[in-house]
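Peer 1: Here you go, this is protein.txt (compact mmCIF, N, CA and C atoms).
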```
# COMPACT_ATOMS: atom_id res chain seq x y z
N MET A 10 -11.90 82.82 70.84
CA MET A 10 -11.96 83.41 69.51
C MET A 10 -10.66 83.14 68.75
N LYS A 11 -9.51 83.27 69.46
CA LYS A 11 -8.22 83.00 68.82
C LYS A 11 -8.17 81.57 68.30
N ASN A 12 -8.65 80.64 69.12
CA ASN A 12 -8.64 79.23 68.72
C ASN A 12 -9.51 78.99 67.49
N LEU A 13 -10.65 79.66 67.43
CA LEU A 13 -11.53 79.50 66.29
C LEU A 13 -10.86 80.02 65.02
N VAL A 14 -10.20 81.16 65.11
CA VAL A 14 -9.49 81.71 63.96
C VAL A 14 -8.36 80.78 63.55
N LYS A 15 -7.63 80.26 64.53
CA LYS A 15 -6.53 79.35 64.25
C LYS A 15 -7.03 78.08 63.57
N ILE A 16 -8.13 77.52 64.06
CA ILE A 16 -8.69 76.31 63.50
C ILE A 16 -9.16 76.56 62.06
N CYS A 17 -9.82 77.70 61.84
CA CYS A 17 -10.27 78.04 60.49
C CYS A 17 -9.09 78.19 59.54
N PHE A 18 -8.04 78.86 60.00
CA PHE A 18 -6.85 79.04 59.17
C PHE A 18 -6.23 77.69 58.85
N LEU A 19 -6.10 76.83 59.84
CA LEU A 19 -5.49 75.53 59.62
C LEU A 19 -6.33 74.67 58.68
N PHE A 20 -7.64 74.74 58.85
CA PHE A 20 -8.52 73.98 57.96
C PHE A 20 -8.34 74.46 56.53
N LEU A 21 -8.32 75.78 56.34
CA LEU A 21 -8.13 76.34 55.01
C LEU A 21 -6.78 75.92 54.44
N PHE A 22 -5.76 75.98 55.26
CA PHE A 22 -4.42 75.59 54.83
C PHE A 22 -4.40 74.13 54.38
N PHE A 23 -4.97 73.24 55.18
CA PHE A 23 -4.98 71.83 54.82
C PHE A 23 -5.83 71.57 53.59
N ALA A 24 -6.91 72.32 53.44
CA ALA A 24 -7.75 72.15 52.25
C ALA A 24 -7.00 72.55 51.00
N ILE A 25 -6.24 73.63 51.09
CA ILE A 25 -5.46 74.08 49.94
C ILE A 25 -4.30 73.14 49.67
N SER A 26 -3.57 72.75 50.72
CA SER A 26 -2.40 71.90 50.52
C SER A 26 -2.77 70.51 50.05
N SER A 27 -3.98 70.05 50.31
CA SER A 27 -4.38 68.72 49.84
C SER A 27 -4.58 68.69 48.33
N ASN A 28 -4.65 69.86 47.71
CA ASN A 28 -4.83 69.93 46.26
C ASN A 28 -3.53 70.20 45.51
N THR A 29 -2.39 70.24 46.21
CA THR A 29 -1.12 70.48 45.53
C THR A 29 -0.67 69.22 44.82
N SER A 30 0.17 69.39 43.81
CA SER A 30 0.59 68.25 43.00
C SER A 30 1.37 67.22 43.79
N SER A 31 2.15 67.63 44.79
CA SER A 31 2.95 66.66 45.53
C SER A 31 2.11 65.86 46.52
N ALA A 32 0.90 66.28 46.75
CA ALA A 32 0.04 65.54 47.68
C ALA A 32 -1.09 64.82 46.94
N GLN A 33 -0.93 64.62 45.64
CA GLN A 33 -1.98 64.02 44.83
C GLN A 33 -2.36 62.63 45.28
N ASN A 34 -1.41 61.83 45.68
CA ASN A 34 -1.67 60.42 45.96
C ASN A 34 -2.03 60.13 47.40
N THR A 35 -2.36 61.15 48.17
CA THR A 35 -2.65 60.92 49.58
C THR A 35 -4.14 61.07 49.85
N ARG A 36 -4.56 60.44 50.94
CA ARG A 36 -5.95 60.54 51.34
C ARG A 36 -6.17 61.90 52.01
N PRO A 37 -7.26 62.59 51.68
CA PRO A 37 -7.53 63.84 52.37
C PRO A 37 -7.91 63.56 53.82
N VAL A 38 -7.35 64.32 54.73
CA VAL A 38 -7.63 64.16 56.15
C VAL A 38 -8.00 65.53 56.70
N SER A 39 -9.11 65.61 57.39
CA SER A 39 -9.53 66.90 57.93
C SER A 39 -8.70 67.24 59.16
N LYS A 40 -8.66 68.52 59.49
CA LYS A 40 -7.93 68.99 60.67
C LYS A 40 -8.53 68.36 61.93
N LYS A 41 -9.84 68.18 61.95
CA LYS A 41 -10.49 67.57 63.12
C LYS A 41 -10.01 66.14 63.31
N GLN A 42 -9.93 65.38 62.21
CA GLN A 42 -9.46 63.99 62.30
C GLN A 42 -8.02 63.95 62.79
N THR A 43 -7.18 64.83 62.27
CA THR A 43 -5.78 64.87 62.68
C THR A 43 -5.68 65.20 64.16
N THR A 44 -6.42 66.21 64.61
CA THR A 44 -6.39 66.61 66.02
C THR A 44 -6.81 65.46 66.91
N GLN A 45 -7.88 64.75 66.52
CA GLN A 45 -8.36 63.63 67.33
C GLN A 45 -7.31 62.53 67.41
N LYS A 46 -6.65 62.22 66.29
CA LYS A 46 -5.66 61.16 66.27
C LYS A 46 -4.43 61.54 67.09
N VAL A 47 -3.98 62.79 66.97
CA VAL A 47 -2.80 63.22 67.72
C VAL A 47 -3.11 63.23 69.21
N LYS A 48 -4.28 63.73 69.59
CA LYS A 48 -4.66 63.74 71.01
C LYS A 48 -4.76 62.32 71.56
N ALA A 49 -5.37 61.43 70.79
CA ALA A 49 -5.49 60.04 71.23
C ALA A 49 -4.12 59.40 71.37
N SER A 50 -3.20 59.82 70.54
CA SER A 50 -1.86 59.26 70.57
C SER A 50 -1.07 59.69 71.79
N LYS A 51 -1.45 60.79 72.42
CA LYS A 51 -0.71 61.28 73.57
C LYS A 51 -0.62 60.23 74.67
N LYS A 52 -1.69 59.51 74.86
CA LYS A 52 -1.75 58.57 75.97
C LYS A 52 -1.18 57.20 75.62
N ASN A 53 -0.97 56.95 74.36
CA ASN A 53 -0.48 55.65 73.91
C ASN A 53 0.98 55.75 73.51
N GLU A 54 1.54 54.62 73.19
CA GLU A 54 2.90 54.60 72.69
C GLU A 54 2.89 55.12 71.26
N THR A 55 3.47 56.27 71.07
CA THR A 55 3.46 56.91 69.76
C THR A 55 4.86 57.27 69.36
N PHE A 56 5.17 57.05 68.10
CA PHE A 56 6.45 57.37 67.51
C PHE A 56 6.27 58.68 66.73
N TYR A 57 6.81 59.77 67.25
CA TYR A 57 6.70 61.08 66.62
C TYR A 57 7.92 61.29 65.73
N VAL A 58 7.68 61.55 64.45
CA VAL A 58 8.77 61.69 63.48
C VAL A 58 8.67 63.02 62.75
N ASP A 59 9.71 63.81 62.88
CA ASP A 59 9.84 65.08 62.17
C ASP A 59 10.61 64.79 60.89
N VAL A 60 9.97 65.01 59.74
CA VAL A 60 10.61 64.68 58.46
C VAL A 60 11.28 65.89 57.80
N ARG A 61 11.48 66.94 58.57
CA ARG A 61 12.20 68.11 58.05
C ARG A 61 13.69 67.82 58.03
N THR A 62 14.45 68.75 57.50
CA THR A 62 15.90 68.61 57.45
C THR A 62 16.48 68.72 58.86
N PRO A 63 17.70 68.22 59.07
CA PRO A 63 18.33 68.36 60.38
C PRO A 63 18.46 69.83 60.83
N ALA A 64 18.72 70.72 59.89
CA ALA A 64 18.83 72.14 60.23
C ALA A 64 17.49 72.69 60.74
N GLU A 65 16.39 72.31 60.08
CA GLU A 65 15.07 72.75 60.53
C GLU A 65 14.75 72.14 61.89
N PHE A 66 15.05 70.86 62.05
CA PHE A 66 14.80 70.15 63.31
C PHE A 66 15.54 70.83 64.47
N ALA A 67 16.76 71.26 64.21
CA ALA A 67 17.58 71.90 65.25
C ALA A 67 16.99 73.23 65.72
N GLN A 68 16.16 73.84 64.90
CA GLN A 68 15.54 75.12 65.27
C GLN A 68 14.33 74.93 66.18
N GLY A 69 13.89 73.70 66.38
CA GLY A 69 12.76 73.42 67.26
C GLY A 69 11.91 72.31 66.70
N SER A 70 11.37 71.49 67.59
CA SER A 70 10.51 70.39 67.18
C SER A 70 9.68 69.95 68.38
N VAL A 71 8.97 68.87 68.21
CA VAL A 71 8.15 68.28 69.26
C VAL A 71 9.08 67.54 70.22
N ILE A 72 8.89 67.74 71.51
CA ILE A 72 9.71 67.06 72.51
C ILE A 72 9.56 65.55 72.36
N GLY A 73 10.68 64.86 72.27
CA GLY A 73 10.67 63.41 72.13
C GLY A 73 10.59 62.92 70.70
N ALA A 74 10.48 63.85 69.75
CA ALA A 74 10.39 63.45 68.34
C ALA A 74 11.76 63.02 67.81
N VAL A 75 11.71 62.17 66.80
CA VAL A 75 12.91 61.69 66.12
C VAL A 75 12.97 62.40 64.77
N ASN A 76 14.15 62.81 64.36
CA ASN A 76 14.31 63.46 63.06
C ASN A 76 14.75 62.42 62.03
N ILE A 77 13.84 62.15 61.10
CA ILE A 77 14.16 61.30 59.95
C ILE A 77 13.73 62.10 58.73
N PRO A 78 14.67 62.82 58.11
CA PRO A 78 14.31 63.65 56.96
C PRO A 78 13.62 62.84 55.86
N LEU A 79 12.74 63.50 55.13
CA LEU A 79 11.96 62.83 54.10
C LEU A 79 12.82 62.01 53.16
N ASP A 80 13.96 62.54 52.76
CA ASP A 80 14.80 61.81 51.80
C ASP A 80 15.46 60.57 52.40
N GLN A 81 15.30 60.35 53.71
CA GLN A 81 15.87 59.18 54.37
C GLN A 81 14.82 58.20 54.88
N VAL A 82 13.55 58.56 54.75
CA VAL A 82 12.47 57.73 55.29
C VAL A 82 12.53 56.31 54.74
N GLU A 83 12.65 56.17 53.43
CA GLU A 83 12.64 54.83 52.83
C GLU A 83 13.85 54.00 53.28
N ARG A 84 14.99 54.64 53.47
CA ARG A 84 16.18 53.92 53.91
C ARG A 84 16.12 53.55 55.39
N GLN A 85 15.22 54.18 56.14
CA GLN A 85 15.13 53.92 57.57
C GLN A 85 13.80 53.29 57.97
N ILE A 86 13.21 52.53 57.07
CA ILE A 86 11.92 51.86 57.32
C ILE A 86 11.97 51.02 58.59
N ALA A 87 13.09 50.41 58.88
CA ALA A 87 13.20 49.54 60.06
C ALA A 87 12.85 50.28 61.34
N LYS A 88 13.10 51.57 61.40
CA LYS A 88 12.79 52.35 62.61
C LYS A 88 11.29 52.49 62.83
N PHE A 89 10.50 52.32 61.78
CA PHE A 89 9.06 52.46 61.87
C PHE A 89 8.35 51.15 62.18
N LYS A 90 9.00 50.05 61.88
CA LYS A 90 8.37 48.74 62.06
C LYS A 90 8.11 48.45 63.53
N GLY A 91 6.95 47.89 63.80
CA GLY A 91 6.58 47.50 65.15
C GLY A 91 6.02 48.63 66.01
N LYS A 92 5.93 49.83 65.47
CA LYS A 92 5.38 50.96 66.23
C LYS A 92 3.86 50.90 66.17
N LYS A 93 3.22 51.08 67.33
CA LYS A 93 1.76 51.00 67.38
C LYS A 93 1.12 52.18 66.66
N LYS A 94 1.62 53.37 66.92
CA LYS A 94 1.09 54.58 66.30
C LYS A 94 2.25 55.47 65.89
N ILE A 95 2.11 56.06 64.72
CA ILE A 95 3.15 56.94 64.20
C ILE A 95 2.49 58.26 63.80
N VAL A 96 3.11 59.36 64.24
CA VAL A 96 2.68 60.69 63.81
C VAL A 96 3.87 61.33 63.10
N VAL A 97 3.68 61.64 61.83
CA VAL A 97 4.74 62.32 61.07
C VAL A 97 4.33 63.76 60.86
N PHE A 98 5.30 64.64 60.85
CA PHE A 98 5.01 66.06 60.68
C PHE A 98 6.22 66.76 60.09
N CYS A 99 6.01 67.99 59.66
CA CYS A 99 7.07 68.78 59.04
C CYS A 99 6.78 70.25 59.27
N ARG A 100 7.01 71.08 58.27
CA ARG A 100 6.75 72.51 58.39
C ARG A 100 5.32 72.84 58.01
N SER A 101 4.79 72.13 57.01
CA SER A 101 3.46 72.48 56.52
C SER A 101 2.50 71.29 56.38
N GLY A 102 3.02 70.10 56.39
CA GLY A 102 2.20 68.91 56.17
C GLY A 102 2.45 68.28 54.81
N ASN A 103 3.16 68.97 53.95
CA ASN A 103 3.42 68.46 52.61
C ASN A 103 4.43 67.30 52.64
N ARG A 104 5.58 67.50 53.27
CA ARG A 104 6.58 66.43 53.33
C ARG A 104 6.08 65.26 54.15
N SER A 105 5.32 65.54 55.21
CA SER A 105 4.79 64.42 56.01
C SER A 105 3.78 63.61 55.21
N SER A 106 3.05 64.26 54.33
CA SER A 106 2.13 63.56 53.44
C SER A 106 2.90 62.63 52.50
N GLN A 107 4.01 63.11 51.98
CA GLN A 107 4.86 62.29 51.11
C GLN A 107 5.46 61.12 51.90
N ALA A 108 5.83 61.38 53.15
CA ALA A 108 6.40 60.33 54.00
C ALA A 108 5.37 59.22 54.23
N ILE A 109 4.12 59.59 54.43
CA ILE A 109 3.06 58.60 54.63
C ILE A 109 2.94 57.69 53.41
N THR A 110 3.00 58.28 52.23
CA THR A 110 2.93 57.49 51.00
C THR A 110 4.06 56.47 50.96
N ILE A 111 5.27 56.91 51.28
CA ILE A 111 6.44 56.02 51.29
C ILE A 111 6.25 54.91 52.32
N LEU A 112 5.83 55.27 53.51
CA LEU A 112 5.66 54.29 54.58
C LEU A 112 4.58 53.26 54.24
N GLU A 113 3.46 53.73 53.72
CA GLU A 113 2.39 52.80 53.38
C GLU A 113 2.81 51.85 52.26
N LYS A 114 3.59 52.34 51.30
CA LYS A 114 4.09 51.46 50.23
C LYS A 114 5.02 50.38 50.78
N ASN A 115 5.57 50.64 51.95
CA ASN A 115 6.47 49.68 52.59
C ASN A 115 5.80 48.92 53.73
N GLY A 116 4.46 48.92 53.74
CA GLY A 116 3.70 48.11 54.69
C GLY A 116 3.54 48.68 56.09
N ILE A 117 3.89 49.93 56.29
CA ILE A 117 3.74 50.55 57.61
C ILE A 117 2.32 51.10 57.72
N LYS A 118 1.68 50.84 58.87
CA LYS A 118 0.30 51.28 59.07
C LYS A 118 0.20 52.15 60.32
N ASN A 119 -1.00 52.60 60.61
CA ASN A 119 -1.27 53.43 61.79
C ASN A 119 -0.47 54.72 61.79
N ILE A 120 -0.48 55.41 60.65
CA ILE A 120 0.27 56.65 60.49
C ILE A 120 -0.71 57.82 60.44
N THR A 121 -0.39 58.88 61.16
CA THR A 121 -1.18 60.10 61.13
C THR A 121 -0.30 61.23 60.62
N ASN A 122 -0.85 62.03 59.72
CA ASN A 122 -0.16 63.23 59.27
C ASN A 122 -0.48 64.34 60.26
N GLY A 123 0.49 64.67 61.10
CA GLY A 123 0.30 65.73 62.08
C GLY A 123 0.35 67.11 61.47
N GLY A 124 0.82 67.20 60.22
CA GLY A 124 0.91 68.50 59.56
C GLY A 124 2.10 69.29 60.05
N ASN A 125 1.85 70.46 60.54
CA ASN A 125 2.86 71.40 61.03
C ASN A 125 3.37 70.98 62.40
N TRP A 126 4.68 70.99 62.61
CA TRP A 126 5.25 70.56 63.89
C TRP A 126 4.75 71.41 65.04
N GLU A 127 4.52 72.69 64.80
CA GLU A 127 4.05 73.56 65.88
C GLU A 127 2.63 73.19 66.31
N ASP A 128 1.82 72.76 65.34
CA ASP A 128 0.46 72.32 65.66
C ASP A 128 0.48 71.05 66.50
N VAL A 129 1.34 70.10 66.12
CA VAL A 129 1.47 68.86 66.88
C VAL A 129 1.92 69.19 68.30
N ASN A 130 2.89 70.04 68.41
CA ASN A 130 3.39 70.46 69.73
C ASN A 130 2.26 71.08 70.56
N GLY A 131 1.47 71.94 69.94
CA GLY A 131 0.35 72.58 70.64
C GLY A 131 -0.70 71.59 71.07
N MET A 132 -1.00 70.61 70.22
CA MET A 132 -2.01 69.60 70.54
C MET A 132 -1.55 68.74 71.71
N LEU A 133 -0.27 68.46 71.78
CA LEU A 133 0.25 67.63 72.85
C LEU A 133 0.25 68.36 74.19
N LYS A 134 0.33 69.66 74.15
CA LYS A 134 0.36 70.46 75.37
C LYS A 134 -1.02 70.69 75.96
N LYS A 135 -2.07 70.46 75.16
CA LYS A 135 -3.44 70.70 75.64
C LYS A 135 -3.86 69.64 76.62
```
Give the structure from the file, written as structure tokens.

Peer 2:
Amino acid sequence: MKNLVKICFLFLFFAISSNTSSAQNTRPVSKKQTTQKVKASKKNETFYVDVRTPAEFAQGSVIGAVNIPLDQVERQIAKFKGKKKIVVFCRSGNRSSQAITILEKNGIKNITNGGNWEDVNGMLKK
């Protein structure tokens, strides 16, 4: 029951956040699609990127994730090149959505918006 409530809350959150002005140029992705992509990525070579600030990253993140704050993503494109799968995440999914736009404009593919870092962490532990 807890999982059902959590999934409903997350779905509602993603539905609302996909309509915000800063996420206008991104493709809508359902929570189910994100969960499937993150789970599939567990077994493959995946580059996990936390796009929050260093201070936020220091408070906790996904084990093995790299911190590349959103304002540095474009300057650090080289770190993304050649990665088979990339999962970007932040506090809510908003900054990671913006990061995807930046990465795609620079020719980076196979990117998944993991949304909230705690959700990505939870999906990886399942």

Peer 1: Go through A:Leu133, A:Ile117, A:Ile86, A:Ile77 one by one, measure the shortest atom-to-atom distance of each to A:Cys99 using only C-alpha atoms, and give the residue with the smallest value.

Peer 2: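 So, comparing all the options, the nearest one is A:Ile77.
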
Peer 1: What is the distance between atom CA of A:Asn125 and atom CA of A:Val75, in Å to one decimal?

Peer 2: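 If I compute the distance from atom CA of A:Asn125 to atom CA of A:Val75, I get 14.9 Å.
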
Peer 1: Counting all atoms listed in the file, note down every residue that has an atom within 8 Å of the point (1.9, 62.4, 60.6) (file coordinates), as a list in words.

Peer 2: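 Those within range, by chain then number, are Tyr57, Val58, Ile95, Val96, Val97, Phe98, Cys99, Gly102, Ser105, Ser106, Ala108, Ile109, Ile120, Thr121, Asn122, Gly123 and Gly124 of chain A.
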
Peer 1: Please indicate the distance in Å from atom C of A:Asp59 to atom CA of A:Lys135, rounded to one decimal place.

Peer 2: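 Interatomic distance, atom C of A:Asp59 to atom CA of A:Lys135: 21.2 Å.
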
Peer 1: Looking only at strand (DSSP E) from DSSP on the backbone, list the matching residues of stretch 50-123 of chain A as a list in words.

Peer 2: Thr55, Phe56, Tyr57, Val58, Asp59, Val75, Asn76, Lys94, Ile95, Val96, Val97, Phe98, Cys99, Ile120, Thr121, Asn122 and Gly123 of chain A

Peer 1: Considering only N, CA and C atoms, state which residue in the set A:Ala87, A:Lys93, A:Ile111, A:Asn76 is at the smallest distance from A:Arg61.

Peer 2: A:Asn76

Peer 1: Please tell me which residues are no farther than 12 Å from (6.0, 54.1, 50.2) in the file, counting only C-alpha atoms, and write them as a list in words.

Peer 2: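 So the residues meeting the distance criterion are Asn34, Thr35, Leu79, Asp80, Gln81, Val82, Glu83, Arg84, Gln85, Ile86, Ser105, Ser106, Gln107, Ala108, Ile109, Thr110, Ile111, Leu112, Glu113, Lys114, Asn115, Gly116, Ile117 and Lys118 of chain A.
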
Peer 1: Between atom C of A:Ala74 and atom CA of A:Ser101, what is the spacing in Å?

Peer 2: 16.9 Å

Peer 1: Looking at A:Arg100, A:Ala67, A:Thr62, A:Lys94, which one is nearest to A:Glu127, with distances taken over all atoms listed in the file?

Peer 2: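 Among the listed residues, A:Arg100 lies closest to A:Glu127.
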